[in-house]
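Q: Below is the file start_39.txt, with compact mmCIF, C-alpha atoms and all ligand atoms.
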```
# COMPACT_ATOMS: atom_id res chain seq x y z
CA VAL D 1 -43.26 -34.07 -0.39
CA THR D 2 -42.75 -30.91 -2.44
CA SER D 3 -39.62 -30.61 -4.55
CA VAL D 4 -38.38 -27.24 -5.72
CA ALA D 5 -36.28 -26.95 -8.85
CA VAL D 6 -33.38 -24.58 -8.27
CA SER D 7 -31.38 -23.32 -11.20
CA ARG D 8 -27.75 -23.02 -10.28
CA LYS D 9 -25.27 -20.48 -11.60
CA ARG D 10 -23.07 -22.14 -14.23
CA VAL D 11 -19.44 -21.21 -13.67
CA VAL D 12 -16.17 -21.53 -15.60
CA LEU D 13 -13.00 -21.59 -13.50
CA VAL D 14 -10.25 -19.38 -14.97
CA GLY D 15 -6.90 -20.92 -14.00
CA VAL D 16 -6.83 -24.46 -12.63
CA GLY D 17 -3.46 -24.70 -10.83
CA GLY D 18 -2.72 -25.04 -7.11
CA HIS D 19 -4.58 -21.95 -5.87
CA ALA D 20 -7.64 -23.14 -7.76
CA ARG D 21 -8.02 -26.01 -5.29
CA CYS D 22 -8.78 -23.50 -2.50
CA VAL D 23 -11.19 -21.65 -4.76
CA LEU D 24 -12.94 -24.93 -5.66
CA ARG D 25 -13.45 -25.65 -1.97
CA ALA D 26 -15.26 -22.34 -1.53
CA LEU D 27 -17.25 -23.02 -4.70
CA ALA D 28 -18.25 -26.49 -3.42
CA ALA D 29 -19.81 -24.82 -0.37
CA ARG D 30 -22.09 -22.74 -2.60
CA LEU D 31 -25.34 -24.58 -3.25
CA ASP D 32 -26.29 -22.00 -5.88
CA VAL D 33 -23.27 -22.77 -8.08
CA GLU D 34 -22.29 -25.47 -10.57
CA VAL D 35 -18.68 -25.42 -11.82
CA VAL D 36 -18.93 -26.65 -15.39
CA CYS D 37 -15.34 -26.53 -16.71
CA GLY D 38 -11.98 -24.81 -16.46
CA VAL D 39 -9.68 -22.89 -18.79
CA ASP D 40 -5.91 -22.87 -18.34
CA PRO D 41 -3.20 -22.36 -20.98
CA ALA D 42 -0.81 -24.65 -19.07
CA ILE D 43 -3.13 -27.68 -19.14
CA ALA D 44 -3.97 -29.73 -22.24
CA ALA D 45 -7.45 -29.15 -23.60
CA GLY D 46 -9.50 -32.31 -23.30
CA SER D 47 -7.79 -33.40 -20.06
CA SER D 48 -9.15 -32.94 -16.57
CA ARG D 49 -7.73 -31.26 -13.44
CA HIS D 50 -9.10 -31.31 -9.90
CA GLY D 51 -12.10 -33.20 -11.31
CA LEU D 52 -12.90 -30.48 -13.86
CA PRO D 53 -12.84 -30.85 -17.64
CA ILE D 54 -10.30 -28.43 -19.17
CA VAL D 55 -11.63 -26.95 -22.39
CA GLY D 56 -8.67 -24.81 -23.48
CA ASP D 57 -7.34 -21.37 -22.59
CA ASP D 58 -8.85 -17.89 -22.08
CA ASN D 59 -9.62 -17.66 -25.81
CA ARG D 60 -12.51 -20.07 -25.22
CA LEU D 61 -14.29 -17.66 -22.86
CA PRO D 62 -16.52 -15.83 -25.42
CA GLU D 63 -17.64 -19.21 -26.78
CA LEU D 64 -18.44 -20.50 -23.29
CA ARG D 65 -20.50 -17.35 -22.66
CA ALA D 66 -22.35 -17.96 -25.93
CA ASP D 67 -23.02 -21.54 -24.75
CA GLY D 68 -24.91 -20.15 -21.75
CA ILE D 69 -22.26 -20.03 -19.01
CA GLU D 70 -22.85 -16.71 -17.24
CA PHE D 71 -20.28 -16.62 -14.43
CA PHE D 72 -16.58 -17.13 -13.83
CA ALA D 73 -14.41 -17.65 -10.77
CA MET D 74 -10.72 -16.81 -10.70
CA GLY D 75 -8.50 -19.80 -9.94
CA ILE D 76 -5.23 -17.96 -10.59
CA GLY D 77 -3.20 -17.19 -7.47
CA GLY D 78 0.14 -15.44 -7.58
CA ILE D 79 3.48 -15.27 -5.89
CA GLY D 80 4.26 -11.62 -6.59
CA ASP D 81 3.23 -10.38 -10.00
CA ASN D 82 -0.52 -9.87 -10.33
CA THR D 83 -0.39 -8.81 -14.00
CA SER D 84 -1.48 -12.04 -15.67
CA ARG D 85 -4.25 -12.51 -13.10
CA ARG D 86 -5.50 -9.01 -13.88
CA GLU D 87 -5.37 -9.63 -17.65
CA SER D 88 -7.28 -12.91 -17.39
CA PHE D 89 -9.91 -11.29 -15.18
CA LEU D 90 -10.44 -8.40 -17.60
CA ARG D 91 -10.58 -10.78 -20.58
CA ALA D 92 -13.30 -12.83 -18.85
CA VAL D 93 -15.30 -9.65 -18.10
CA ARG D 94 -14.92 -8.51 -21.72
CA SER D 95 -16.30 -11.89 -22.79
CA GLY D 96 -19.53 -10.99 -20.99
CA LEU D 97 -18.98 -13.31 -18.02
CA LYS D 98 -19.77 -12.08 -14.50
CA PRO D 99 -17.19 -12.57 -11.71
CA LEU D 100 -18.32 -14.49 -8.64
CA ARG D 101 -17.48 -13.14 -5.19
CA LEU D 102 -16.31 -16.03 -3.02
CA VAL D 103 -15.86 -16.22 0.73
CA ASP D 104 -14.72 -19.54 2.19
CA PRO D 105 -17.15 -20.67 4.92
CA THR D 106 -14.34 -20.68 7.50
CA ALA D 107 -13.38 -17.04 6.89
CA ILE D 108 -14.68 -14.34 9.25
CA VAL D 109 -15.77 -11.23 7.41
CA ALA D 110 -17.32 -8.21 9.16
CA ASP D 111 -20.87 -7.43 8.07
CA ASP D 112 -20.01 -3.97 6.77
CA THR D 113 -17.13 -5.12 4.55
CA GLN D 114 -17.45 -3.96 0.94
CA LEU D 115 -16.45 -6.86 -1.30
CA ALA D 116 -16.26 -6.09 -5.01
CA ASP D 117 -16.92 -8.60 -7.78
CA GLY D 118 -14.42 -11.41 -8.08
CA VAL D 119 -12.96 -11.07 -4.58
CA PHE D 120 -11.82 -14.32 -2.97
CA VAL D 121 -11.52 -14.58 0.82
CA ALA D 122 -9.73 -17.85 1.64
CA PRO D 123 -10.03 -20.29 4.58
CA GLY D 124 -9.47 -18.85 8.03
CA ALA D 125 -8.96 -15.26 6.86
CA VAL D 126 -10.30 -12.51 9.12
CA VAL D 127 -11.58 -9.20 7.75
CA CYS D 128 -12.46 -6.63 10.41
CA PRO D 129 -15.03 -3.80 10.19
CA GLY D 130 -14.71 -0.79 7.93
CA THR D 131 -12.77 -2.50 5.14
CA SER D 132 -13.27 -2.48 1.38
CA ILE D 133 -11.71 -4.96 -1.03
CA GLY D 134 -11.54 -4.22 -4.77
CA ALA D 135 -12.39 -6.40 -7.75
CA ASN D 136 -10.36 -9.58 -8.29
CA SER D 137 -8.36 -9.25 -5.08
CA ILE D 138 -7.40 -12.20 -2.92
CA VAL D 139 -7.26 -12.31 0.87
CA ASN D 140 -5.48 -15.61 1.20
CA THR D 141 -5.46 -18.33 3.85
CA ARG D 142 -5.40 -17.01 7.45
CA ALA D 143 -4.53 -13.45 6.44
CA VAL D 144 -5.76 -10.79 8.86
CA ILE D 145 -7.13 -7.50 7.57
CA GLU D 146 -7.64 -5.24 10.56
CA HIS D 147 -10.25 -2.46 10.80
CA ASP D 148 -10.64 0.28 8.18
CA CYS D 149 -8.28 -1.08 5.54
CA MET D 150 -8.67 -0.38 1.82
CA ILE D 151 -7.50 -3.01 -0.63
CA GLY D 152 -7.63 -1.95 -4.28
CA GLU D 153 -8.31 -4.05 -7.37
CA HIS D 154 -6.22 -7.06 -8.48
CA ALA D 155 -4.23 -7.09 -5.23
CA HIS D 156 -3.14 -10.14 -3.24
CA VAL D 157 -2.71 -10.33 0.52
CA ALA D 158 -0.97 -13.69 0.75
CA SER D 159 -1.34 -16.37 3.39
CA GLY D 160 -0.84 -15.32 7.00
CA ALA D 161 -0.07 -11.67 6.20
CA VAL D 162 -1.35 -9.06 8.64
CA LEU D 163 -2.51 -5.58 7.70
CA CYS D 164 -2.83 -3.50 10.86
CA GLY D 165 -5.68 -0.96 10.95
CA GLY D 166 -6.18 1.66 8.26
CA VAL D 167 -3.66 0.24 5.77
CA ARG D 168 -4.17 1.05 2.07
CA VAL D 169 -3.04 -1.55 -0.48
CA LEU D 170 -3.30 -0.05 -3.95
CA THR D 171 -4.13 -1.74 -7.26
CA GLY D 172 -2.09 -4.81 -8.14
CA ALA D 173 0.07 -4.78 -5.01
CA HIS D 174 1.22 -8.05 -3.42
CA ILE D 175 1.71 -8.50 0.32
CA GLY D 176 3.87 -11.61 0.80
CA ALA D 177 3.00 -14.53 3.02
CA GLY D 178 3.47 -13.77 6.70
CA ALA D 179 4.32 -10.09 6.16
CA VAL D 180 3.09 -7.48 8.62
CA VAL D 181 2.20 -3.92 7.61
CA ARG D 182 2.05 -1.27 10.36
CA GLN D 183 -1.15 0.73 10.75
CA TYR D 184 -2.15 3.60 8.42
CA LEU D 185 0.55 2.95 5.81
CA GLU D 186 0.09 2.87 2.04
CA ILE D 187 1.44 0.13 -0.24
CA GLY D 188 1.73 1.58 -3.75
CA GLU D 189 0.33 0.22 -7.00
CA ASN D 190 2.01 -3.02 -8.10
CA ALA D 191 4.40 -2.88 -5.15
CA LEU D 192 5.68 -6.21 -3.87
CA VAL D 193 6.25 -6.96 -0.19
CA GLY D 194 8.36 -10.10 0.34
CA VAL D 195 7.46 -13.02 2.57
CA GLY D 196 7.90 -12.28 6.26
CA ALA D 197 8.60 -8.56 5.78
CA VAL D 198 7.81 -6.03 8.50
CA VAL D 199 6.68 -2.85 6.76
CA VAL D 200 7.04 0.34 8.81
CA THR D 201 6.98 3.01 6.07
CA ASP D 202 4.84 3.72 3.01
CA ILE D 203 5.97 1.73 -0.04
CA SER D 204 6.12 3.48 -3.42
CA THR D 205 4.54 2.32 -6.67
CA GLY D 206 6.18 -0.76 -8.16
CA VAL D 207 8.87 -1.12 -5.50
CA CYS D 208 9.87 -4.55 -4.11
CA VAL D 209 10.73 -4.63 -0.40
CA ALA D 210 11.73 -7.37 2.03
CA GLY D 211 13.15 -7.87 5.51
CA ASN D 212 12.63 -6.36 8.98
CA PRO D 213 12.37 -3.42 8.75
CA ALA D 214 11.37 -3.78 5.08
CA ARG D 215 13.84 -2.18 2.66
CA GLN D 216 13.91 -2.00 -1.12
CA LEU D 217 15.28 -5.23 -2.51
CA VAL D 218 17.79 -4.89 -5.31
CA SER D 219 17.56 -8.12 -7.23
CA SER D 220 18.85 -9.03 -10.66
CA LYS D 221 15.42 -10.51 -11.40
CA LYS D 222 13.43 -7.31 -10.64
C1 LIG D 301 10.77 -10.67 -2.23
C2 LIG D 301 10.78 -11.64 -3.39
C3 LIG D 301 9.80 -11.19 -4.47
C4 LIG D 301 12.19 -11.64 -3.96
O1 LIG D 301 12.27 -12.58 -4.99
P1 LIG D 301 13.50 -12.50 -6.04
O2 LIG D 301 13.48 -11.19 -6.74
O3 LIG D 301 13.43 -13.75 -6.85
O4 LIG D 301 14.76 -12.47 -5.10
P2 LIG D 301 15.89 -13.58 -4.84
O5 LIG D 301 15.29 -14.86 -4.34
O6 LIG D 301 16.76 -13.63 -6.06
O7 LIG D 301 16.70 -12.94 -3.63
C5 LIG D 301 17.44 -11.73 -3.77
C6 LIG D 301 18.04 -11.41 -2.41
O8 LIG D 301 17.00 -11.01 -1.52
C7 LIG D 301 16.93 -11.88 -0.39
N1 LIG D 301 15.48 -12.11 -0.14
C8 LIG D 301 14.57 -12.59 -1.00
N2 LIG D 301 13.35 -12.62 -0.42
C9 LIG D 301 13.52 -12.15 0.82
C10 LIG D 301 12.63 -11.96 1.90
N3 LIG D 301 11.32 -12.23 1.79
N4 LIG D 301 13.11 -11.45 3.05
C11 LIG D 301 14.44 -11.16 3.17
N5 LIG D 301 15.33 -11.33 2.17
C12 LIG D 301 14.87 -11.82 1.01
C13 LIG D 301 17.64 -13.16 -0.82
O9 LIG D 301 18.16 -13.84 0.28
C14 LIG D 301 18.70 -12.60 -1.73
O10 LIG D 301 19.72 -12.07 -0.93
P3 LIG D 301 21.27 -12.10 -1.43
O11 LIG D 301 21.29 -11.30 -2.72
O12 LIG D 301 22.00 -11.46 -0.30
O13 LIG D 301 21.60 -13.54 -1.65
C15 LIG D 301 10.38 -13.09 -2.94
O14 LIG D 301 11.39 -13.66 -2.13
C16 LIG D 301 9.08 -13.09 -2.14
O15 LIG D 301 9.07 -12.93 -0.93
N6 LIG D 301 7.94 -13.29 -2.88
C17 LIG D 301 6.60 -13.34 -2.31
C18 LIG D 301 6.10 -14.80 -2.35
C19 LIG D 301 4.76 -14.97 -1.66
O16 LIG D 301 4.20 -14.07 -1.06
N7 LIG D 301 4.22 -16.17 -1.79
C20 LIG D 301 2.92 -16.46 -1.18
C21 LIG D 301 1.89 -16.85 -2.17
S1 LIG D 301 0.39 -17.33 -1.33
```
Just give me the structure as structure tokens.

A:
Amino acid sequence: VTSVAVSRKRVVLVGVGGHARCVLRALAARLDVEVVCGVDPAIAAGSSRHGLPIVGDDNRLPELRADGIEFFAMGIGGIGDNTSRRESFLRAVRSGLKPLRLVDPTAIVADDTQLADGVFVAPGAVVCPGTSIGANSIVNTRAVIEHDCMIGEHAHVASGAVLCGGVRVLTGAHIGAGAVVRQYLEIGENALVGVGAVVVTDISTGVCVAGNPARQLVSSKK
């Protein structure tokens, strides 16, 4: 019997809340990866979460890199505002860590899809041919990205959302759970599409829309 020693990529998980559980599932399917610890400002250092030791917050990242951890995975999800997820991602990159690209084994991703560093494609998601997905973006559980879409960096297509063909989702935009975006439309930078919306027009930068047909939402909180 011949045994072969395989050195696995050592990974720190950035953000260890609810979304991180889905990310950990995709990580567990990767035989080339060992998740060593997690950082999360909302969890006490020295405790454990989802079976991972929590070693502190993002400020620990340079030290972890110096200790020989080379990679990170993003465990931060988001319900609308992708700013803190973007900041944590950039801080990890500045610390010299490399982002892992993660595709859950149950997702279906066309062979020609361009996936940037740090992309997470969640269980049951479908990504059709001709699509590109930018760094640190999430295609969440059972979302459908039809042919020829472009998703920018730090964006989030939430669970069950559908982008019809040729849709462009620009940097930092959020497409709410179950929303549908008609073909060849553009969702502007940091725009927010509410859960269940039906989008039939382009959406401008930073605007929050909801409903069917989706209209700008005027909310005291926005
Ligand atoms: C659109 C959204 C951002 C609005 O949140 P908010 O600013 O806190 O708004 P509020 O809950 O205060 O609601 C403001 C008004 O908009 C309505 N509204 C809120 N979300 C709506 C939606 N998705 N569709 C239709 N109407 C909506 C509310 O009923 C309320 O109406 P009223 O003023 O007549 O009572 C939020 O509802 C949403 O959909 N977030 C996305 C969450 C998501 O995608 N989660 C998945 C993570 S995987």

Q: Which protein, DNA or RNA residues have an atom within 8 Å of ligand LIG 301 (chain D), counting all atoms listed in the file, as a PyMOL selection string?

A: chain D and resi 77-80+140-141+157-159+174-178+192-197+208-212+217-222

Q: Here's a test: counting all atoms listed in the file, identify every protein, DNA and RNA residue with an atom at most 9 Å from (-22.9, -19.6, -13.9) in the file's coordinate frame, and state them as a list in words.

A: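 Those residues, ordered by chain and then number, are Arg8, Lys9, Arg10, Val11, Val12, Val33, Glu34, Val35, Val36, Gly68, Ile69, Glu70, Phe71, Phe72, Leu97, Lys98 and Leu100 of chain D.
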
Q: Within 7 Å of Val144 in chain D, counting all atoms listed in the file, which residues qualify if same-chain residues fewer than 2 places away don't, as an MDAnalysis selection string?

A: chainID D and resid 125:127 142 146 160:163

Q: Output the selection as a PDB file, keeping the file's coordinate frame - C-alpha atoms for each residue.

A:
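Writing done, so here's part_1.pdb:
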```
ATOM      1  CA  ALA D 125      -8.960 -15.260   6.860  1.00  0.00           C
ATOM      2  CA  VAL D 126     -10.300 -12.510   9.120  1.00  0.00           C
ATOM      3  CA  VAL D 127     -11.580  -9.200   7.750  1.00  0.00           C
ATOM      4  CA  ARG D 142      -5.400 -17.010   7.450  1.00  0.00           C
ATOM      5  CA  GLU D 146      -7.640  -5.240  10.560  1.00  0.00           C
ATOM      6  CA  GLY D 160      -0.840 -15.320   7.000  1.00  0.00           C
ATOM      7  CA  ALA D 161      -0.070 -11.670   6.200  1.00  0.00           C
ATOM      8  CA  VAL D 162      -1.350  -9.060   8.640  1.00  0.00           C
ATOM      9  CA  LEU D 163      -2.510  -5.580   7.700  1.00  0.00           C
TER      10      LEU D 163
END
```

Q: Dump as a PDB file with C-alpha atoms, in the frame of the given file all residues having an atom at most 8 Å from (-17.1, -31.0, -19.3), computed in the file's coordinates with only C-alpha atoms.

A:
```pdb
ATOM      1  CA  VAL D  36     -18.930 -26.650 -15.390  1.00  0.00           C
ATOM      2  CA  CYS D  37     -15.340 -26.530 -16.710  1.00  0.00           C
ATOM      3  CA  LEU D  52     -12.900 -30.480 -13.860  1.00  0.00           C
ATOM      4  CA  PRO D  53     -12.840 -30.850 -17.640  1.00  0.00           C
ATOM      5  CA  ILE D  54     -10.300 -28.430 -19.170  1.00  0.00           C
ATOM      6  CA  VAL D  55     -11.630 -26.950 -22.390  1.00  0.00           C
TER       7      VAL D  55
END
```

Q: Using all atoms listed in the file, which protein or nucleic acid residues come within 10 Å of Cys164 in chain D? Drop anything in the same chain fewer than 6 positions from it, and give the result as an MDAnalysis selection string.

A: chainID D and resid 144:149 180:185

Q: Closest to His156 in chain D among D:Arg85, D:Arg30, D:Arg215, D:Arg60, using only C-alpha atoms?

A: D:Arg85

Q: Which one of D:Ala73, D:Ile133, D:Ala214, D:Val200 sits closest to Ala26 in chain D if you count all atoms listed in the file?

A: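 Among D:Ala73, D:Ile133, D:Ala214, D:Val200, it is D:Ala73 that comes nearest to Ala26 in chain D.
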
Q: I need the residue nearest Leu24 in chain D from this list: D:Pro123, D:Val109, D:Ser95, D:Thr83. Use all atoms listed in the file for the distance.

A: D:Pro123

Q: Report, in Å to a single decimal, how far apart CA of Ala110 in chain D and CA of Thr131 in chain D are.

A: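 These two atoms are separated by 8.3 Å.
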
Q: Give me the residues near Val121 in chain D as a list in words, where near means some atom within 7 Å (using only C-alpha atoms) and where sequence neighbours in that chain fewer than 4 positions away do not count.

A: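 Once the nearby chain positions are removed, what remains is Leu102, Val103, Asp104, Ala107, Ala125, Ile138, Val139 and Asn140 of chain D.
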
Q: Would you mind exporting C-alpha atoms of the selected residues as a CSV table (one decimal), in the coordinates of the input?

A:
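Written file, result16.csv:
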```csv
chain,number,residue,atom,x,y,z
D,102,LEU,CA,-16.3,-16.0,-3.0
D,103,VAL,CA,-15.9,-16.2,0.7
D,104,ASP,CA,-14.7,-19.5,2.2
D,107,ALA,CA,-13.4,-17.0,6.9
D,125,ALA,CA,-9.0,-15.3,6.9
D,138,ILE,CA,-7.4,-12.2,-2.9
D,139,VAL,CA,-7.3,-12.3,0.9
D,140,ASN,CA,-5.5,-15.6,1.2
```

Q: Quick one: distance from CA of Asp112 in chain D to CA of Val167 in chain D in Å, one decimal?

A: 16.9 Å

Q: Just how far from CA of Asp58 in chain D is CA of Ala44 in chain D, in Å to one decimal?

A: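 CA of Ala44 in chain D sits 12.8 Å away from CA of Asp58 in chain D.
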
Q: Enclose all atoms of range 79-92 of chain D listed in the file in an axis-aligned box, grow every side by 8 Å, and hand back centre and edge lengths in Å to one decimal, as AutoDock Vina command-line options.

A:
```
--center_x -4.5 --center_y -11.8 --center_z -13.2 --size_x 33.6 --size_y 22.9 --size_z 30.7
```

Q: With all atoms listed in the file as the atoms that count, which of D:Glu153, D:Arg168, D:Arg91, D:Pro105 lies nearest to Gly118 in chain D?

A: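 Using all atoms listed in the file, the shortest distance to Gly118 in chain D belongs to D:Glu153.
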
Q: Point out the residue among D:Gly172, D:Gly18, D:Gly56, D:Pro213 with the least atom-to-atom distance to Gly152 in chain D, counting only C-alpha atoms.

A: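 For Gly152 in chain D, the nearest of the given residues is D:Gly172.
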